[in-house]
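The structure file my_file08.csv is reproduced below (CSV, C-alpha atoms and all ligand atoms).
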chain,number,residue,atom,x,y,z
F,243,MET,CA,17.7,34.5,-23.1
F,244,SER,CA,14.5,34.0,-21.2
F,245,LEU,CA,10.8,34.2,-21.7
F,246,SER,CA,8.5,34.1,-18.6
F,247,LEU,CA,5.3,35.0,-16.9
F,248,GLU,CA,5.5,36.7,-13.5
F,249,ASN,CA,2.4,36.6,-11.3
F,250,VAL,CA,0.2,36.9,-14.3
F,251,THR,CA,-3.6,37.1,-14.5
F,252,LEU,CA,-5.1,36.1,-17.8
F,253,GLY,CA,-8.7,36.1,-19.1
F,254,TYR,CA,-11.3,37.5,-21.3
F,255,ASP,CA,-13.9,40.2,-20.7
F,256,GLY,CA,-13.6,39.9,-16.9
F,257,THR,CA,-13.6,36.1,-16.9
F,258,VAL,CA,-10.3,34.9,-15.3
F,259,VAL,CA,-8.7,31.9,-16.9
F,260,ALA,CA,-5.5,31.9,-14.9
F,261,SER,CA,-4.3,34.0,-11.9
F,262,GLY,CA,-1.1,34.4,-10.1
F,263,LEU,CA,0.6,32.4,-12.8
F,264,ASP,CA,4.4,32.1,-12.7
F,265,PHE,CA,5.9,30.3,-15.7
F,266,VAL,CA,9.4,30.2,-17.3
F,267,VAL,CA,9.6,28.8,-20.8
F,268,PRO,CA,12.1,25.9,-20.5
F,269,GLU,CA,15.2,27.3,-22.3
F,270,GLY,CA,16.6,25.2,-25.1
F,271,GLU,CA,13.9,22.5,-24.8
F,272,PHE,CA,11.1,21.3,-27.1
F,273,THR,CA,8.3,21.6,-24.6
F,274,ALA,CA,4.8,20.3,-25.1
F,275,VAL,CA,2.0,21.9,-23.1
F,276,ILE,CA,-0.7,19.4,-22.4
F,277,GLY,CA,-4.0,19.6,-20.5
F,278,PRO,CA,-7.7,19.2,-20.9
F,279,ASN,CA,-9.9,21.3,-23.1
F,280,GLY,CA,-10.4,24.8,-21.9
F,281,CYS,CA,-7.6,24.7,-19.2
F,282,GLY,CA,-5.8,27.7,-20.7
F,283,LYS,CA,-3.1,26.3,-23.0
F,284,SER,CA,-3.9,28.7,-25.9
F,285,THR,CA,-4.3,31.5,-23.5
F,286,LEU,CA,-0.9,30.9,-22.1
F,287,LEU,CA,0.7,30.9,-25.6
F,288,LYS,CA,-1.2,34.1,-26.5
F,289,ALA,CA,0.2,35.9,-23.4
F,290,LEU,CA,3.8,34.7,-24.3
F,291,ALA,CA,3.3,35.9,-27.9
F,292,ARG,CA,2.1,39.4,-26.8
F,293,VAL,CA,-1.3,38.7,-28.4
F,294,LEU,CA,-3.2,38.8,-25.0
F,295,ARG,CA,-2.4,41.4,-22.5
F,296,PRO,CA,-2.4,40.2,-18.9
F,297,SER,CA,-4.8,42.0,-16.6
F,298,ALA,CA,-2.1,41.8,-13.8
F,299,GLY,CA,1.5,40.8,-13.7
F,300,ARG,CA,4.2,40.9,-16.4
F,301,VAL,CA,5.5,38.9,-19.3
F,302,LEU,CA,9.2,39.2,-19.5
F,303,LEU,CA,11.4,38.7,-22.6
F,304,ASP,CA,15.1,38.8,-21.6
F,305,GLY,CA,14.1,40.8,-18.5
F,306,ASP,CA,12.0,43.4,-20.4
F,307,ASP,CA,8.3,43.7,-20.0
F,308,LEU,CA,6.8,42.6,-23.4
F,309,ARG,CA,4.5,45.6,-23.4
F,310,SER,CA,7.5,48.0,-23.4
F,311,LEU,CA,9.0,46.4,-26.5
F,312,ARG,CA,7.9,47.3,-30.1
F,313,PRO,CA,6.1,44.5,-31.9
F,314,PRO,CA,8.9,44.0,-34.5
F,315,ALA,CA,11.5,43.7,-31.7
F,316,VAL,CA,9.4,41.0,-30.2
F,317,ALA,CA,8.8,39.3,-33.5
F,318,ARG,CA,12.5,39.0,-34.2
F,319,ARG,CA,12.8,36.9,-31.0
F,320,VAL,CA,9.4,35.2,-30.6
F,321,ALA,CA,7.4,33.6,-33.5
F,322,SER,CA,4.0,32.2,-32.8
F,323,LEU,CA,1.4,30.3,-34.7
F,324,PRO,CA,-2.1,30.5,-33.3
F,325,GLN,CA,-4.6,27.7,-33.4
F,326,HIS,CA,-6.6,29.3,-36.1
F,327,PRO,CA,-4.4,31.8,-38.1
F,328,ILE,CA,-6.3,34.0,-40.5
F,329,ALA,CA,-4.9,34.2,-44.0
F,330,PRO,CA,-5.2,37.4,-45.9
F,331,GLU,CA,-7.3,37.1,-49.0
F,332,SER,CA,-5.6,36.4,-52.4
F,333,LEU,CA,-2.2,35.9,-51.0
F,334,ARG,CA,0.2,33.4,-52.6
F,335,VAL,CA,2.1,30.8,-50.6
F,336,ARG,CA,5.5,32.4,-51.2
F,337,ASP,CA,4.3,35.8,-50.1
F,338,LEU,CA,2.9,34.5,-46.8
F,339,VAL,CA,6.2,32.7,-46.1
F,340,ALA,CA,8.1,35.9,-47.0
F,341,ARG,CA,6.0,37.7,-44.3
F,342,GLY,CA,8.2,35.9,-41.8
F,343,ARG,CA,11.0,38.3,-42.8
F,344,HIS,CA,8.9,41.5,-42.2
F,345,PRO,CA,10.2,42.0,-38.6
F,346,TYR,CA,13.6,42.5,-40.1
F,347,HIS,CA,12.5,45.2,-42.6
F,348,SER,CA,12.1,48.9,-42.2
F,349,LEU,CA,10.4,51.6,-44.3
F,350,TRP,CA,13.7,52.0,-46.1
F,351,ARG,CA,14.8,48.4,-46.4
F,352,GLN,CA,12.0,46.2,-47.5
F,353,TRP,CA,13.9,43.1,-48.7
F,354,LEU,CA,17.3,42.2,-47.5
F,355,PRO,CA,20.1,40.1,-49.2
F,356,GLY,CA,19.6,36.6,-47.8
F,357,ASP,CA,15.9,36.9,-47.4
F,358,ALA,CA,15.1,34.9,-50.5
F,359,ALA,CA,17.4,32.0,-49.5
F,360,ILE,CA,15.8,31.9,-46.0
F,361,VAL,CA,12.3,31.8,-47.5
F,362,ASP,CA,13.4,29.0,-49.9
F,363,ALA,CA,14.9,27.0,-47.1
F,364,ALA,CA,11.7,27.3,-45.0
F,365,MET,CA,9.6,26.1,-47.9
F,366,VAL,CA,12.0,23.1,-48.5
F,367,ALA,CA,11.9,22.2,-44.8
F,368,THR,CA,8.1,22.1,-44.8
F,369,GLY,CA,7.8,20.4,-48.2
F,370,ILE,CA,5.8,23.2,-49.8
F,371,THR,CA,8.2,24.4,-52.6
F,372,ASP,CA,5.8,23.1,-55.3
F,373,LEU,CA,3.0,25.1,-53.8
F,374,ALA,CA,4.9,28.4,-54.0
F,375,ASP,CA,2.7,30.1,-56.6
F,376,ARG,CA,-0.7,28.7,-55.3
F,377,LEU,CA,-3.3,30.9,-53.7
F,378,LEU,CA,-3.5,30.2,-50.0
F,379,THR,CA,-7.3,30.1,-50.1
F,380,ASP,CA,-7.0,27.2,-52.7
F,381,LEU,CA,-5.0,24.9,-50.4
F,382,SER,CA,-6.2,22.0,-48.2
F,383,GLY,CA,-6.1,22.5,-44.4
F,384,GLY,CA,-2.9,20.5,-44.0
F,385,GLN,CA,-1.1,22.2,-46.9
F,386,ARG,CA,-2.1,25.6,-45.4
F,387,GLN,CA,-0.8,24.6,-42.0
F,388,ARG,CA,2.6,23.8,-43.5
F,389,VAL,CA,2.7,27.2,-45.1
F,390,TRP,CA,2.1,28.9,-41.8
F,391,ILE,CA,4.8,26.8,-40.2
F,392,ALA,CA,7.2,27.8,-43.0
F,393,MET,CA,6.4,31.4,-42.3
F,394,VAL,CA,7.3,30.8,-38.6
F,395,LEU,CA,10.6,29.1,-39.7
F,396,ALA,CA,11.5,32.1,-41.9
F,397,GLN,CA,11.1,34.4,-38.9
F,398,GLN,CA,14.3,32.8,-37.5
F,399,THR,CA,13.5,33.5,-33.9
F,400,ASN,CA,14.9,32.0,-30.7
F,401,TYR,CA,11.4,31.2,-29.4
F,402,VAL,CA,8.9,29.3,-31.4
F,403,LEU,CA,5.4,29.0,-30.0
F,404,LEU,CA,3.0,26.6,-31.9
F,405,ASP,CA,-0.6,26.1,-30.9
F,406,GLU,CA,-1.7,22.6,-31.9
F,407,PRO,CA,0.6,22.6,-35.0
F,408,THR,CA,-0.3,19.0,-35.9
F,409,SER,CA,-4.0,19.6,-36.4
F,410,PHE,CA,-5.0,19.2,-40.0
F,411,LEU,CA,-1.9,17.2,-40.8
F,412,ASP,CA,-1.9,13.6,-41.9
F,413,LEU,CA,0.2,11.1,-39.9
F,414,ALA,CA,3.3,11.5,-42.1
F,415,HIS,CA,3.2,15.3,-41.9
F,416,GLN,CA,2.6,15.2,-38.2
F,417,VAL,CA,5.7,13.1,-37.7
F,418,GLU,CA,7.6,15.4,-40.0
F,419,LEU,CA,6.5,18.5,-38.1
F,420,LEU,CA,7.5,16.9,-34.7
F,421,HIS,CA,10.9,16.1,-36.2
F,422,LEU,CA,11.2,19.7,-37.4
F,423,CYS,CA,10.5,20.8,-33.8
F,424,GLN,CA,13.3,18.5,-32.6
F,425,ASP,CA,15.6,19.9,-35.3
F,426,MET,CA,14.8,23.5,-34.2
F,427,ARG,CA,15.8,22.5,-30.7
F,428,ALA,CA,19.0,20.9,-32.0
F,429,ASP,CA,19.7,24.2,-33.7
F,430,GLY,CA,19.6,25.9,-30.3
F,431,ARG,CA,16.0,27.3,-30.5
F,432,THR,CA,13.4,27.0,-27.8
F,433,VAL,CA,10.2,25.4,-28.9
F,434,LEU,CA,6.9,25.5,-27.0
F,435,THR,CA,3.9,23.7,-28.5
F,436,VAL,CA,0.4,22.8,-27.5
F,437,LEU,CA,-0.2,19.1,-28.3
F,438,HIS,CA,-3.3,17.0,-27.5
F,439,ASP,CA,-1.8,13.6,-28.3
F,440,ILE,CA,0.0,12.7,-25.0
F,441,ASN,CA,1.9,9.9,-26.7
F,442,GLN,CA,3.3,12.1,-29.4
F,443,ALA,CA,4.1,14.7,-26.7
F,444,ALA,CA,5.9,12.1,-24.6
F,445,ARG,CA,7.8,10.7,-27.6
F,446,TYR,CA,9.0,13.8,-29.4
F,447,ALA,CA,9.1,16.6,-26.8
F,448,SER,CA,12.0,16.8,-24.3
F,449,HIS,CA,9.9,18.5,-21.7
F,450,LEU,CA,6.2,18.4,-20.7
F,451,VAL,CA,4.2,21.1,-19.0
F,452,VAL,CA,0.8,20.1,-17.7
F,453,LEU,CA,-1.9,22.7,-17.3
F,454,ASP,CA,-5.1,22.3,-15.3
F,455,ARG,CA,-7.6,25.1,-14.7
F,456,GLY,CA,-5.0,27.8,-15.4
F,457,THR,CA,-2.4,26.3,-13.2
F,458,VAL,CA,0.8,24.5,-14.0
F,459,VAL,CA,0.4,21.2,-12.1
F,460,ALA,CA,3.5,19.4,-13.4
F,461,SER,CA,6.6,20.1,-15.4
F,462,GLY,CA,9.6,18.0,-16.3
F,463,GLU,CA,10.8,15.2,-18.5
F,464,PRO,CA,7.9,13.0,-19.9
F,465,ALA,CA,8.9,10.0,-17.8
F,466,GLU,CA,8.8,12.1,-14.6
F,467,VAL,CA,5.6,13.9,-15.4
F,468,LEU,CA,3.3,11.1,-16.6
F,469,THR,CA,1.8,9.1,-13.8
F,470,THR,CA,-1.5,7.2,-13.5
F,471,GLU,CA,-2.5,9.8,-10.8
F,472,LEU,CA,-2.0,12.7,-13.2
F,473,LEU,CA,-4.0,10.9,-15.9
F,474,ALA,CA,-6.9,10.5,-13.4
F,475,ASP,CA,-6.7,13.8,-11.7
F,476,VAL,CA,-6.1,16.1,-14.7
F,477,PHE,CA,-7.4,14.2,-17.7
F,478,GLY,CA,-10.2,12.2,-16.0
F,479,VAL,CA,-9.1,8.8,-17.3
F,480,ASP,CA,-8.0,5.5,-15.9
F,481,GLY,CA,-4.8,4.9,-17.8
F,482,VAL,CA,-1.8,2.5,-17.9
F,483,ILE,CA,1.6,3.9,-18.6
F,484,GLY,CA,3.8,1.5,-20.5
F,485,THR,CA,6.9,2.0,-22.7
F,486,ASP,CA,6.9,2.8,-26.4
F,487,PRO,CA,8.8,-0.2,-27.9
F,488,GLU,CA,10.5,2.0,-30.4
F,489,SER,CA,11.5,5.2,-28.6
F,490,ARG,CA,11.4,3.8,-25.0
F,491,THR,CA,9.4,6.8,-24.0
F,492,PRO,CA,6.2,6.6,-21.8
F,493,MET,CA,3.2,5.3,-23.7
F,494,VAL,CA,-0.3,5.9,-22.3
F,495,THR,CA,-3.2,3.4,-22.9
F,496,VAL,CA,-6.5,4.6,-21.7
F,497,ARG,CA,-8.7,1.9,-20.1
F,498,ALA,CA,-11.7,4.0,-19.1
F,499,ARG,CA,-13.0,7.4,-18.3
F,500,VAL,CA,-13.0,8.3,-14.6
F,501,HIS,CA,-16.1,10.0,-13.3
F,502,PRO,CA,-16.5,11.2,-9.7
F,503,GLY,CA,-18.9,8.3,-9.1
F,504,GLY,CA,-16.5,5.6,-10.5
F,505,LEU,CA,-15.2,4.2,-13.7
F,506,VAL,CA,-17.1,4.4,-17.0
F,507,ARG,CA,-16.0,2.2,-19.9
F,508,PRO,CA,-15.1,4.2,-23.0
H,601,LIG,N1,-11.6,35.0,-27.1
H,601,LIG,C1,-12.1,34.5,-26.0
H,601,LIG,N2,-13.2,35.1,-25.4
H,601,LIG,C2,-13.7,34.6,-24.3
H,601,LIG,N3,-13.3,33.5,-23.7
H,601,LIG,C3,-12.3,32.8,-24.2
H,601,LIG,C4,-11.7,33.2,-25.4
H,601,LIG,N4,-10.7,32.3,-25.7
H,601,LIG,C5,-10.8,31.4,-24.8
H,601,LIG,N5,-11.7,31.6,-23.9
H,601,LIG,C6,-12.1,30.8,-22.7
H,601,LIG,O1,-10.9,30.7,-21.9
H,601,LIG,C7,-10.7,29.4,-21.4
H,601,LIG,C8,-9.4,28.8,-21.8
H,601,LIG,O2,-9.4,28.7,-23.2
H,601,LIG,P1,-8.1,28.2,-24.0
H,601,LIG,O3,-8.4,28.4,-25.4
H,601,LIG,O4,-6.9,28.9,-23.5
H,601,LIG,O5,-8.1,26.7,-23.6
H,601,LIG,P2,-7.2,25.5,-24.2
H,601,LIG,O6,-6.6,24.8,-23.1
H,601,LIG,O7,-6.3,25.9,-25.3
H,601,LIG,O8,-8.4,24.6,-24.8
H,601,LIG,P3,-8.5,23.5,-26.0
H,601,LIG,O9,-7.7,22.3,-25.6
H,601,LIG,O10,-9.9,23.2,-26.1
H,601,LIG,O11,-7.9,24.2,-27.3
H,601,LIG,C9,-11.9,28.6,-21.9
H,601,LIG,O12,-12.9,28.6,-20.9
H,601,LIG,C10,-12.4,29.4,-23.1
H,601,LIG,O13,-13.8,29.2,-23.2
Hey, can you dump this file as structure tokens for me?
Ligand SMILES: Nc1ncnc2c1ncn2[C@@H]1O[C@H](COP(=O)(O)OP(=O)(O)OP(=O)(O)O)[C@@H](O)[C@H]1O
Amino acid sequence: MSLSLENVTLGYDGTVVASGLDFVVPEGEFTAVIGPNGCGKSTLLKALARVLRPSAGRVLLDGDDLRSLRPPAVARRVASLPQHPIAPESLRVRDLVARGRHPYHSLWRQWLPGDAAIVDAAMVATGITDLADRLLTDLSGGQRQRVWIAMVLAQQTNYVLLDEPTSFLDLAHQVELLHLCQDMRADGRTVLTVLHDINQAARYASHLVVLDRGTVVASGEPAEVLTTELLADVFGVDGVIGTDPESRTPMVTVRARVHPGGLVRP
């Protein structure tokens, strides 16, 4: 199994965000994509999810150009949750989670044996069983986010792409979501998420990819990737890298913002 970008140019209305980009999604890992605002993290995920068409180059899924595959064939292998998913009006929670099963249906077979159990399990895993009959529009931001994640789980794909999945979630649900990503990896799935919290990324993800101005500038295990130079060059901060006392993973403390003219206290 493989999902990759080959010499890809990505952008919007003639504005190039990334060009000549080669990238292979690290197979079997829980990868966190990190980088400053506007560096192209969401754009990268959109290309991998077949949402954004590259203006040059190819996105390859198991060797096939993503554009040559029908959307349900892609959706059986790649599930993605955008940064701002749009919920259809007057849809109930269980119905949205059940949409995760749509790629497996055809005109003749709309609901398969086993679908109900998969949908139930996804709702249990995300703690939304008691919300099943609620209207999506009546939920809080964090509750809604968990419903979308349940839909992605119900899709049962090898690749799971999540754009800032912890936004809107309180601390307990953030940790739960990050454990869920680790569990998906333990189940043999490949998870790629955009995360803004570097310490959460370093603690929970097995692999980090650092993006800067549309280019992958570092990739590897958190302890290899996170350096004081990287914090200064990519994130514009003067940081100290210590060790998380609990997980023994790298822990970043920011001392000041770095400006071209020198340090500025936060
Ligand atoms: N739909 C769009 N139309 C035009 N430009 C866009 C669109 N989406 C993103 N961009 C631009 O593309 C660049 C990369 O955006 P992208 O959303 O990929 O960044 P990001 O790294 O995910 O940022 P953030 O951390 O702020 O979410 C930015 O300059 C942004 O303004």
Can you work out which residues are within 10 Å of ligand LIG 601 (chain H), considering only C-alpha atoms and all ligand atoms, and then hand them over as number ranges by chain?
F: 252-260, 275-289, 294, 325, 405-406, 436-438, 453-456
Kindly export the residues of the current selection with C-alpha atoms, as a short mmCIF file (atom, residue, chain, number, x, y, z; two decimals), keeping the file's coordinate frame.
data_model
loop_
_atom_site.label_atom_id
_atom_site.label_comp_id
_atom_site.auth_asym_id
_atom_site.auth_seq_id
_atom_site.Cartn_x
_atom_site.Cartn_y
_atom_site.Cartn_z
CA LEU F 252 -5.10 36.10 -17.80
CA GLY F 253 -8.70 36.10 -19.10
CA TYR F 254 -11.30 37.50 -21.30
CA ASP F 255 -13.90 40.20 -20.70
CA GLY F 256 -13.60 39.90 -16.90
CA THR F 257 -13.60 36.10 -16.90
CA VAL F 258 -10.30 34.90 -15.30
CA VAL F 259 -8.70 31.90 -16.90
CA ALA F 260 -5.50 31.90 -14.90
CA VAL F 275 2.00 21.90 -23.10
CA ILE F 276 -0.70 19.40 -22.40
CA GLY F 277 -4.00 19.60 -20.50
CA PRO F 278 -7.70 19.20 -20.90
CA ASN F 279 -9.90 21.30 -23.10
CA GLY F 280 -10.40 24.80 -21.90
CA CYS F 281 -7.60 24.70 -19.20
CA GLY F 282 -5.80 27.70 -20.70
CA LYS F 283 -3.10 26.30 -23.00
CA SER F 284 -3.90 28.70 -25.90
CA THR F 285 -4.30 31.50 -23.50
CA LEU F 286 -0.90 30.90 -22.10
CA LEU F 287 0.70 30.90 -25.60
CA LYS F 288 -1.20 34.10 -26.50
CA ALA F 289 0.20 35.90 -23.40
CA LEU F 294 -3.20 38.80 -25.00
CA GLN F 325 -4.60 27.70 -33.40
CA ASP F 405 -0.60 26.10 -30.90
CA GLU F 406 -1.70 22.60 -31.90
CA VAL F 436 0.40 22.80 -27.50
CA LEU F 437 -0.20 19.10 -28.30
CA HIS F 438 -3.30 17.00 -27.50
CA LEU F 453 -1.90 22.70 -17.30
CA ASP F 454 -5.10 22.30 -15.30
CA ARG F 455 -7.60 25.10 -14.70
CA GLY F 456 -5.00 27.80 -15.40
#
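Distances from F:Gln397, F:Thr435, F:Asn441, F:Ser461 to Cys423 (chain F) were compared using only C-alpha atoms, and the smallest one belongs to F:Thr435.
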Excluding Trp353 (chain F) and any residue of its chain fewer than 4 positions from it, enumerate the residues within 12 Å of it, using only C-alpha atoms, and give them as a ChimeraX atom specification.
/F:340-349,357-361
Please provide as a PyMOL selection string all residues within 6 Å of Met393 (chain F), with the sequence filter that same-chain residues fewer than 3 positions apart are discarded (counting only C-alpha atoms).
chain F and resi 339+342+390+396
When you look at Asn400 (chain F) with a cut-off of 9 Å (counting all atoms listed in the file), what residues show up, excluding the ones that are within fewer than 3 positions of it in the same chain? I need them as an NGL selection string.
:F and (243 or 270 or 318-321 or 430-433)
Cut-off 8 Å: closest region 427-446 of chain F/region 472-494 of chain F atom pairs per residue, using only C-alpha atoms, as a Markdown table:
| residue | atom | partner | partner_atom | distance |
| --- | --- | --- | --- | --- |
| F:Ile440 | CA | F:Val494 | CA | 7.3 |
| F:Asn441 | CA | F:Met493 | CA | 5.6 |
| F:Ala444 | CA | F:Pro492 | CA | 6.2 |
| F:Arg445 | CA | F:Thr491 | CA | 5.5 |
Could you pull the residues within 8 Å of Asn249 (chain F), counting only C-alpha atoms, minus those fewer than 6 positions along the same chain, as a ChimeraX atom specification?
/F:261-264,298-300
Can you pull out every residue within 8 Å of Ala329 (chain F), counting all atoms listed in the file, but drop anything in the same chain fewer than 2 positions away, and send it as a list of chain:residue names?
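My list of contacting residues is F:Pro327, F:Glu331, F:Leu333, F:Leu378, F:Thr379.
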Could you jot down the CA of Ser332 (chain F) to CA of Gln385 (chain F) separation for me, Å, one decimal place?
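Calculated distance between CA of Ser332 (chain F) and CA of Gln385 (chain F) is 15.9 Å.
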Please rebuild region 280-305 of chain F with N, CA and C atoms and return the result as a compact mmCIF listing (two decimals), keeping the file's coordinate frame.
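Contents of the output file out27.txt:
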# COMPACT_ATOMS: atom_id res chain seq x y z
N GLY F 280 -9.95 23.65 -22.63
CA GLY F 280 -10.40 24.80 -21.90
C GLY F 280 -9.53 25.15 -20.65
N CYS F 281 -8.39 24.44 -20.45
CA CYS F 281 -7.60 24.70 -19.20
C CYS F 281 -6.71 25.92 -19.35
N GLY F 282 -6.58 26.47 -20.56
CA GLY F 282 -5.80 27.70 -20.70
C GLY F 282 -4.54 27.60 -21.50
N LYS F 283 -4.36 26.52 -22.26
CA LYS F 283 -3.10 26.30 -23.00
C LYS F 283 -2.94 27.42 -24.07
N SER F 284 -3.98 27.66 -24.87
CA SER F 284 -3.90 28.70 -25.90
C SER F 284 -3.72 30.06 -25.28
N THR F 285 -4.41 30.26 -24.16
CA THR F 285 -4.30 31.50 -23.50
C THR F 285 -2.92 31.82 -23.00
N LEU F 286 -2.25 30.78 -22.48
CA LEU F 286 -0.90 30.90 -22.10
C LEU F 286 0.02 31.31 -23.25
N LEU F 287 -0.17 30.62 -24.38
CA LEU F 287 0.70 30.90 -25.60
C LEU F 287 0.38 32.35 -26.07
N LYS F 288 -0.88 32.76 -26.01
CA LYS F 288 -1.20 34.10 -26.50
C LYS F 288 -0.51 35.16 -25.62
N ALA F 289 -0.44 34.91 -24.32
CA ALA F 289 0.20 35.90 -23.40
C ALA F 289 1.72 35.93 -23.75
N LEU F 290 2.33 34.76 -23.99
CA LEU F 290 3.80 34.70 -24.30
C LEU F 290 4.09 35.36 -25.62
N ALA F 291 3.09 35.36 -26.52
CA ALA F 291 3.30 35.90 -27.90
C ALA F 291 2.90 37.37 -27.97
N ARG F 292 2.51 37.99 -26.87
CA ARG F 292 2.10 39.40 -26.80
C ARG F 292 0.77 39.65 -27.52
N VAL F 293 0.00 38.59 -27.69
CA VAL F 293 -1.30 38.70 -28.40
C VAL F 293 -2.37 39.07 -27.32
N LEU F 294 -2.23 38.53 -26.12
CA LEU F 294 -3.20 38.80 -25.00
C LEU F 294 -2.47 39.52 -23.92
N ARG F 295 -3.07 40.63 -23.52
CA ARG F 295 -2.40 41.40 -22.50
C ARG F 295 -2.89 40.93 -21.09
N PRO F 296 -1.97 40.62 -20.20
CA PRO F 296 -2.40 40.20 -18.90
C PRO F 296 -3.11 41.32 -18.14
N SER F 297 -4.11 40.98 -17.35
CA SER F 297 -4.80 42.00 -16.60
C SER F 297 -4.00 42.34 -15.30
N ALA F 298 -3.07 41.49 -14.94
CA ALA F 298 -2.10 41.80 -13.80
C ALA F 298 -0.86 40.98 -14.11
N GLY F 299 0.24 41.44 -13.54
CA GLY F 299 1.50 40.80 -13.70
C GLY F 299 2.22 41.15 -15.00
N ARG F 300 3.36 40.50 -15.26
CA ARG F 300 4.20 40.90 -16.40
C ARG F 300 4.63 39.66 -17.21
N VAL F 301 4.79 39.86 -18.51
CA VAL F 301 5.50 38.90 -19.30
C VAL F 301 6.83 39.45 -19.66
N LEU F 302 7.86 38.69 -19.34
CA LEU F 302 9.20 39.20 -19.50
C LEU F 302 9.98 38.49 -20.59
N LEU F 303 10.55 39.27 -21.51
CA LEU F 303 11.40 38.70 -22.60
C LEU F 303 12.82 39.27 -22.30
N ASP F 304 13.72 38.39 -21.98
CA ASP F 304 15.10 38.80 -21.60
C ASP F 304 15.06 39.93 -20.58
N GLY F 305 14.15 39.83 -19.63
CA GLY F 305 14.10 40.80 -18.50
C GLY F 305 13.25 42.02 -18.81
